[in-house]
Amino acid sequence: MKYAFFVGCTILSRLPAYEKSARKVAEKLGVELIDIPGSSCCGTTYMETLDRKTSLALAARNIAIAEEMGLNIVTLCNGCTENLTKTNKALKEDPTLRAEVNEILAETGKQFKGAVEVKHYVRMLKEDVGFDKVRAACTKPFKGLRVGAHYGCHLLKPSDEMLFEDPNDPQVLDELIRATGAESIDYPGKTECCAGPVMGIREKVTWDVGMDKVETVKKHGDAMATCCPFCYITYERCQFMTDTNPNLPVVHIPQLLGLAMGLSADEVGLGTNKVDASGLLARQEA
Amino acid sequence: MEQSEIRITQEGKEFRGEVMATHGADKLMHCYQCGTCSSDCPVAKRVPEFRPRNIARLAIYGQKDRLLDGDLVWLCAGCYTCYERCPQKVHVSEVVTALRQIALREGKIHPTIKSIVTTIPRLGYISEIGEFENEMRAEDGLPPAPTPATEEIKAIMKKTGILGRVGGKQS
């Protein structure tokens, strides 16, 4: 199993632990992740709201490189996943739009052909690797650890574009958490947005929305697991913006998987989590 | 009780037409003001003046100034909850997109969004990934980040004209 690996700006520059743990877990599962030379920003979800053509062209350029590599794309960021998936779908389905975007892309010597698929890492684990294989690889499972899954928005929505799981009742993260031996808890507001995109407009809104969820998960569980850099940053940082000091560890889902697969704390970059997550190690079977 | 009268001007109608001509926002007039969008909006829970239902109503009435003043249209988190749950498939999130595009045309882009958009052609990414970042990555056992083809990004953005419209530099 081999994929073109689209890491995304924010993870590349700020969240090495997410990327590192994702690469190590992939290795454990026999999945090869190949970097995409010359790939750049996916276009951002902001660009999509300002100018659709620019957004489509920036995303299509990245897809075109993966097409040249002859590999389907695996992503780590919900935002990149949305942008690349929507672009891929729109340009595959609409030949007129594809011709217009290819005319823009001609400036770069690249062309979108519609030859590859785009999948978030967790979707790849579900659909291509399979939960059974993931479960079997978890040789050092957690015991008595209660984890709150946070899906974020653009892994699932808009659902008529993403065509993955029901955004009101998603399963993939819960399944992956259970594969590690941990309990995936249900909690009110599980599918709600982190409000991360508002951080640069009115910061306090993001911290308040973030704390709502942190406090809820804290009531029912021991940690939160995310699959998006922006959600991760929101839930970690909001805890340092209040006086209540909730100390709820937030982990990237491959960190949790990696530990359960016997990787060391260092191999999954656990030391970089700003809310101390070392307590998770004590919940593993010897 | 005295009834207030709302007049929809010709200019207001044209504005509404512009909103509805944007990708995904064509069903604006199907809104029957049920408020599902406002009750499920994560931002509305914290920001009293941000109400997706109100945004739809003001757009139907062509109230351009009230919609484009301040940071209202930039407060949407783009979570698509209103998109998913609207019984009429109005897609308020796409109405907000239309409003942002009109705001952009009027030179009213939010400075944060402008800064993000103008960073892309400069760095190829939305954040700096240079020598220092790659050294840090190496310490983590990670390969260097893909060298971004900034010239290609610039060529795309020059061709679509987006940089001129956000007030960024063309080169």
# chains A, B, ... in the order shown; residues from 1 in each chain; ligands from 1
$ closest_atom_pairs --of "chain B" --to "chain A" --cutoff "8 Å" --atoms "only C-alpha atoms" --output "Markdown table"
| residue | atom | partner | partner_atom | distance |
| --- | --- | --- | --- | --- |
| B:Pro42 | CA | A:Cys193 | CA | 6.5 |
| B:Val43 | CA | A:Ala195 | CA | 7.0 |
| B:Arg46 | CA | A:Val205 | CA | 6.3 |
| B:Val47 | CA | A:Val205 | CA | 7.5 |
| B:Asp71 | CA | A:Ile201 | CA | 7.6 |
| B:Trp74 | CA | A:Ile201 | CA | 7.0 |
| B:Leu75 | CA | A:Val198 | CA | 5.9 |
| B:Cys76 | CA | A:Val198 | CA | 7.1 |
| B:Ala77 | CA | A:Pro197 | CA | 5.2 |
| B:Gly78 | CA | A:Pro197 | CA | 7.5 |
| B:Cys79 | CA | A:Cys153 | CA | 5.5 |
| B:Tyr80 | CA | A:Pro158 | CA | 6.0 |
| B:Thr81 | CA | A:Lys157 | CA | 8.0 |
| B:Tyr83 | CA | A:Pro158 | CA | 7.2 |
| B:Glu84 | CA | A:Pro158 | CA | 6.8 |
| B:Thr97 | CA | A:Thr49 | CA | 4.7 |
| B:Ala98 | CA | A:Thr49 | CA | 7.5 |
| B:Arg100 | CA | A:Leu50 | CA | 6.3 |
| B:Gln101 | CA | A:Leu50 | CA | 5.2 |
| B:Leu104 | CA | A:Leu50 | CA | 7.2 |
| B:Thr112 | CA | A:Gly200 | CA | 6.0 |
| B:Ile113 | CA | A:Tyr46 | CA | 7.1 |
| B:Val117 | CA | A:Met47 | CA | 6.9 |
| B:Ile120 | CA | A:Cys41 | CA | 6.9 |
| B:Gly124 | CA | A:Ser40 | CA | 5.3 |
| B:Tyr125 | CA | A:Cys41 | CA | 4.6 |
| B:Ile126 | CA | A:Cys9 | CA | 6.2 |
| B:Ser127 | CA | A:Cys9 | CA | 6.4 |
| B:Glu128 | CA | A:Ser13 | CA | 7.0 |
| B:Ile129 | CA | A:Ser13 | CA | 5.8 |
| B:Glu133 | CA | A:Ser13 | CA | 6.3 |
| B:Arg137 | CA | A:Pro16 | CA | 6.9 |
| B:Asp140 | CA | A:Pro16 | CA | 7.1 |
| B:Gly141 | CA | A:Lys20 | CA | 7.8 |
| B:Leu142 | CA | A:Lys20 | CA | 6.9 |
| B:Ala145 | CA | A:Leu12 | CA | 6.5 |
| B:Pro146 | CA | A:Pro37 | CA | 5.3 |
| B:Thr147 | CA | A:Gly38 | CA | 5.4 |
| B:Pro148 | CA | A:Gly38 | CA | 5.0 |
| B:Ala149 | CA | A:Gly38 | CA | 5.4 |
| B:Glu152 | CA | A:Thr108 | CA | 5.2 |
| B:Ile153 | CA | A:Leu58 | CA | 7.1 |
| B:Ala155 | CA | A:Glu107 | CA | 6.1 |
| B:Ile156 | CA | A:Ile104 | CA | 6.1 |
| B:Met157 | CA | A:Thr54 | CA | 6.4 |
| B:Lys159 | CA | A:Ile104 | CA | 6.4 |
| B:Thr160 | CA | A:Thr54 | CA | 6.1 |
| B:Ile162 | CA | A:Asp51 | CA | 7.1 |
$ residues_around --residues "Thr87 in chain A" --least-positions-apart "2" --cutoff "9 Å" --atoms "only C-alpha atoms" --output "JSON, numbers by chain"
{"A": [55, 56, 57, 59, 60, 63, 82, 83, 84, 85, 89, 90, 91, 92]}
$ residues_around --residues "Arg7 in chain B" --least-positions-apart "3" --cutoff "10 Å" --atoms "only C-alpha atoms" --output "ChimeraX atom specification"
/B:4,10,12,61-63
$ atom_distance --atom1 "CA of Ala136 in chain A" --atom2 "CA of Met1 in chain A"
17.5 Å
$ closest_residue --among "B:Cys82, B:Ile60, B:Val90, B:Ile116" --to "Thr36 in chain B" --atoms "only C-alpha atoms"
B:Cys82
$ select_by_dssp --residues "chain B" --states "alpha helix (DSSP H)" --output "ChimeraX atom specification"
/B:10-20,36-40,52-60,64-68,81-85,92-105,111-123,131-139,150-160,162-166
$ write_last_selection --atoms "C-alpha atoms" --output "mmCIF file, in the first residue's frame"
data_model
loop_
_atom_site.group_PDB
_atom_site.id
_atom_site.type_symbol
_atom_site.label_atom_id
_atom_site.label_comp_id
_atom_site.auth_asym_id
_atom_site.auth_seq_id
_atom_site.Cartn_x
_atom_site.Cartn_y
_atom_site.Cartn_z
ATOM 1 C CA GLN B 10 -33.619 48.195 -6.690
ATOM 2 C CA GLU B 11 -30.043 48.238 -5.421
ATOM 3 C CA GLY B 12 -31.029 45.753 -2.725
ATOM 4 C CA LYS B 13 -32.558 43.441 -5.318
ATOM 5 C CA GLU B 14 -29.397 43.570 -7.386
ATOM 6 C CA PHE B 15 -27.351 42.778 -4.304
ATOM 7 C CA ARG B 16 -29.587 39.788 -3.569
ATOM 8 C CA GLY B 17 -29.172 38.647 -7.170
ATOM 9 C CA GLU B 18 -25.433 38.846 -6.783
ATOM 10 C CA VAL B 19 -25.567 36.702 -3.644
ATOM 11 C CA MET B 20 -27.721 34.096 -5.384
ATOM 12 C CA THR B 36 -32.455 25.577 12.615
ATOM 13 C CA CYS B 37 -29.213 27.178 11.417
ATOM 14 C CA SER B 38 -29.015 29.644 14.304
ATOM 15 C CA SER B 39 -29.830 27.063 16.958
ATOM 16 C CA ASP B 40 -27.060 24.717 15.789
ATOM 17 C CA PRO B 52 -27.300 32.633 10.387
ATOM 18 C CA ARG B 53 -31.097 33.015 10.166
ATOM 19 C CA ASN B 54 -30.673 36.796 10.347
ATOM 20 C CA ILE B 55 -27.949 36.722 7.733
ATOM 21 C CA ALA B 56 -30.311 34.876 5.367
ATOM 22 C CA ARG B 57 -33.157 37.316 6.100
ATOM 23 C CA LEU B 58 -31.001 40.407 5.606
ATOM 24 C CA ALA B 59 -29.700 38.957 2.332
ATOM 25 C CA ILE B 60 -33.274 38.305 1.125
ATOM 26 C CA LYS B 64 -26.068 45.105 2.040
ATOM 27 C CA ASP B 65 -24.710 47.673 4.494
ATOM 28 C CA ARG B 66 -25.960 45.847 7.563
ATOM 29 C CA LEU B 67 -24.378 42.627 6.334
ATOM 30 C CA LEU B 68 -21.027 43.977 5.245
ATOM 31 C CA THR B 81 -23.607 22.570 10.300
ATOM 32 C CA CYS B 82 -26.205 24.946 8.810
ATOM 33 C CA TYR B 83 -25.486 23.457 5.379
ATOM 34 C CA GLU B 84 -26.134 19.938 6.683
ATOM 35 C CA ARG B 85 -29.245 20.639 8.745
ATOM 36 C CA VAL B 92 -26.294 29.756 4.688
ATOM 37 C CA SER B 93 -22.585 28.878 4.727
ATOM 38 C CA GLU B 94 -22.557 29.476 0.969
ATOM 39 C CA VAL B 95 -24.542 32.702 1.415
ATOM 40 C CA VAL B 96 -21.731 33.815 3.740
ATOM 41 C CA THR B 97 -19.237 32.866 1.027
ATOM 42 C CA ALA B 98 -21.158 35.065 -1.415
ATOM 43 C CA LEU B 99 -21.113 37.927 1.092
ATOM 44 C CA ARG B 100 -17.357 37.559 1.591
ATOM 45 C CA GLN B 101 -16.808 37.760 -2.144
ATOM 46 C CA ILE B 102 -18.904 40.909 -2.383
ATOM 47 C CA ALA B 103 -17.069 42.366 0.639
ATOM 48 C CA LEU B 104 -13.771 41.590 -1.068
ATOM 49 C CA ARG B 105 -14.902 43.428 -4.197
ATOM 50 C CA PRO B 111 -7.035 41.977 7.698
ATOM 51 C CA THR B 112 -6.415 38.476 9.107
ATOM 52 C CA ILE B 113 -7.788 36.798 5.995
ATOM 53 C CA LYS B 114 -5.860 39.208 3.784
ATOM 54 C CA SER B 115 -2.671 38.322 5.613
ATOM 55 C CA ILE B 116 -3.269 34.575 5.150
ATOM 56 C CA VAL B 117 -4.060 34.917 1.454
ATOM 57 C CA THR B 118 -1.047 37.115 0.696
ATOM 58 C CA THR B 119 1.273 34.767 2.601
ATOM 59 C CA ILE B 120 0.564 31.844 0.243
ATOM 60 C CA PRO B 121 2.407 33.212 -2.849
ATOM 61 C CA ARG B 122 5.266 34.487 -0.692
ATOM 62 C CA LEU B 123 5.960 31.255 1.195
ATOM 63 C CA GLU B 131 15.856 26.575 7.162
ATOM 64 C CA PHE B 132 15.074 26.851 10.878
ATOM 65 C CA GLU B 133 11.864 24.818 10.612
ATOM 66 C CA ASN B 134 13.625 22.162 8.549
ATOM 67 C CA GLU B 135 16.404 21.922 11.152
ATOM 68 C CA MET B 136 13.756 21.369 13.800
ATOM 69 C CA ARG B 137 12.143 18.751 11.584
ATOM 70 C CA ALA B 138 15.471 16.979 11.157
ATOM 71 C CA GLU B 139 15.831 16.826 14.949
ATOM 72 C CA THR B 150 6.316 29.677 -5.100
ATOM 73 C CA GLU B 151 6.747 30.791 -8.720
ATOM 74 C CA GLU B 152 3.947 28.434 -9.777
ATOM 75 C CA ILE B 153 1.700 29.632 -6.933
ATOM 76 C CA LYS B 154 2.351 33.229 -7.950
ATOM 77 C CA ALA B 155 1.585 32.405 -11.592
ATOM 78 C CA ILE B 156 -1.777 30.869 -10.605
ATOM 79 C CA MET B 157 -2.720 33.784 -8.380
ATOM 80 C CA LYS B 158 -1.644 36.311 -10.990
ATOM 81 C CA LYS B 159 -3.735 34.591 -13.630
ATOM 82 C CA THR B 160 -6.893 34.579 -11.456
ATOM 83 C CA ILE B 162 -6.924 37.359 -6.683
ATOM 84 C CA LEU B 163 -3.876 39.190 -5.346
ATOM 85 C CA GLY B 164 -4.876 42.457 -6.989
ATOM 86 C CA ARG B 165 -8.334 42.060 -5.506
ATOM 87 C CA VAL B 166 -7.172 41.470 -1.942
#
$ closest_residue --among "A:Asp222, A:Glu165, A:Glu175, A:Glu100" --to "Phe131 in chain A" --atoms "only C-alpha atoms"
A:Glu175
$ residues_around --residues "Gln171 in chain A" --least-positions-apart "3" --cutoff "12 Å" --atoms "only C-alpha atoms" --output "list of chain:residue names"
A:Val122, A:Arg123, A:Lys126, A:Phe131, A:Ala149, A:His150, A:Tyr151, A:Leu155, A:Leu156, A:Phe164, A:Glu165, A:Asp166, A:Pro167, A:Asn168, A:Asp174, A:Glu175, A:Leu176, A:Ile177, A:Arg178, A:Ser184, A:Ile185, A:Asp186, A:Lys190, A:Thr191
$ residues_around --residues "Ala277 in chain A" --least-positions-apart "5" --cutoff "10 Å" --atoms "only C-alpha atoms" --output "list of chain:residue names"
A:Asp222, A:Ala223, A:Asn247, A:Leu248, A:Pro249, A:Val250, A:Val251, A:Ala265, A:Leu270, A:Gly271, A:Thr272
$ write_last_selection --atoms "C-alpha atoms" --output "JSON list (two decimals), in the first residue's frame"
[["chain", "number", "residue", "atom", "x", "y", "z"],
["A", 222, "ASP", "CA", -9.24, 11.14, 30.60],
["A", 223, "ALA", "CA", -8.11, 12.56, 27.26],
["A", 247, "ASN", "CA", -5.27, 19.73, 32.31],
["A", 248, "LEU", "CA", -7.05, 17.51, 29.80],
["A", 249, "PRO", "CA", -4.45, 15.82, 27.57],
["A", 250, "VAL", "CA", -5.16, 16.25, 23.85],
["A", 251, "VAL", "CA", -3.50, 13.73, 21.53],
["A", 265, "ALA", "CA", 6.63, 8.12, 23.96],
["A", 270, "LEU", "CA", 4.48, 12.80, 23.27],
["A", 271, "GLY", "CA", 6.87, 15.31, 24.85],
["A", 272, "THR", "CA", 5.61, 18.07, 22.53]]
$ closest_residue --among "A:Leu125, A:Val275, A:Leu257, A:Leu33" --to "Ala182 in chain A" --atoms "only C-alpha atoms"
A:Leu257
$ closest_residue --among "A:Ala179, A:Leu280, A:Leu163, A:Met241" --to "Arg135 in chain A" --atoms "only C-alpha atoms"
A:Ala179
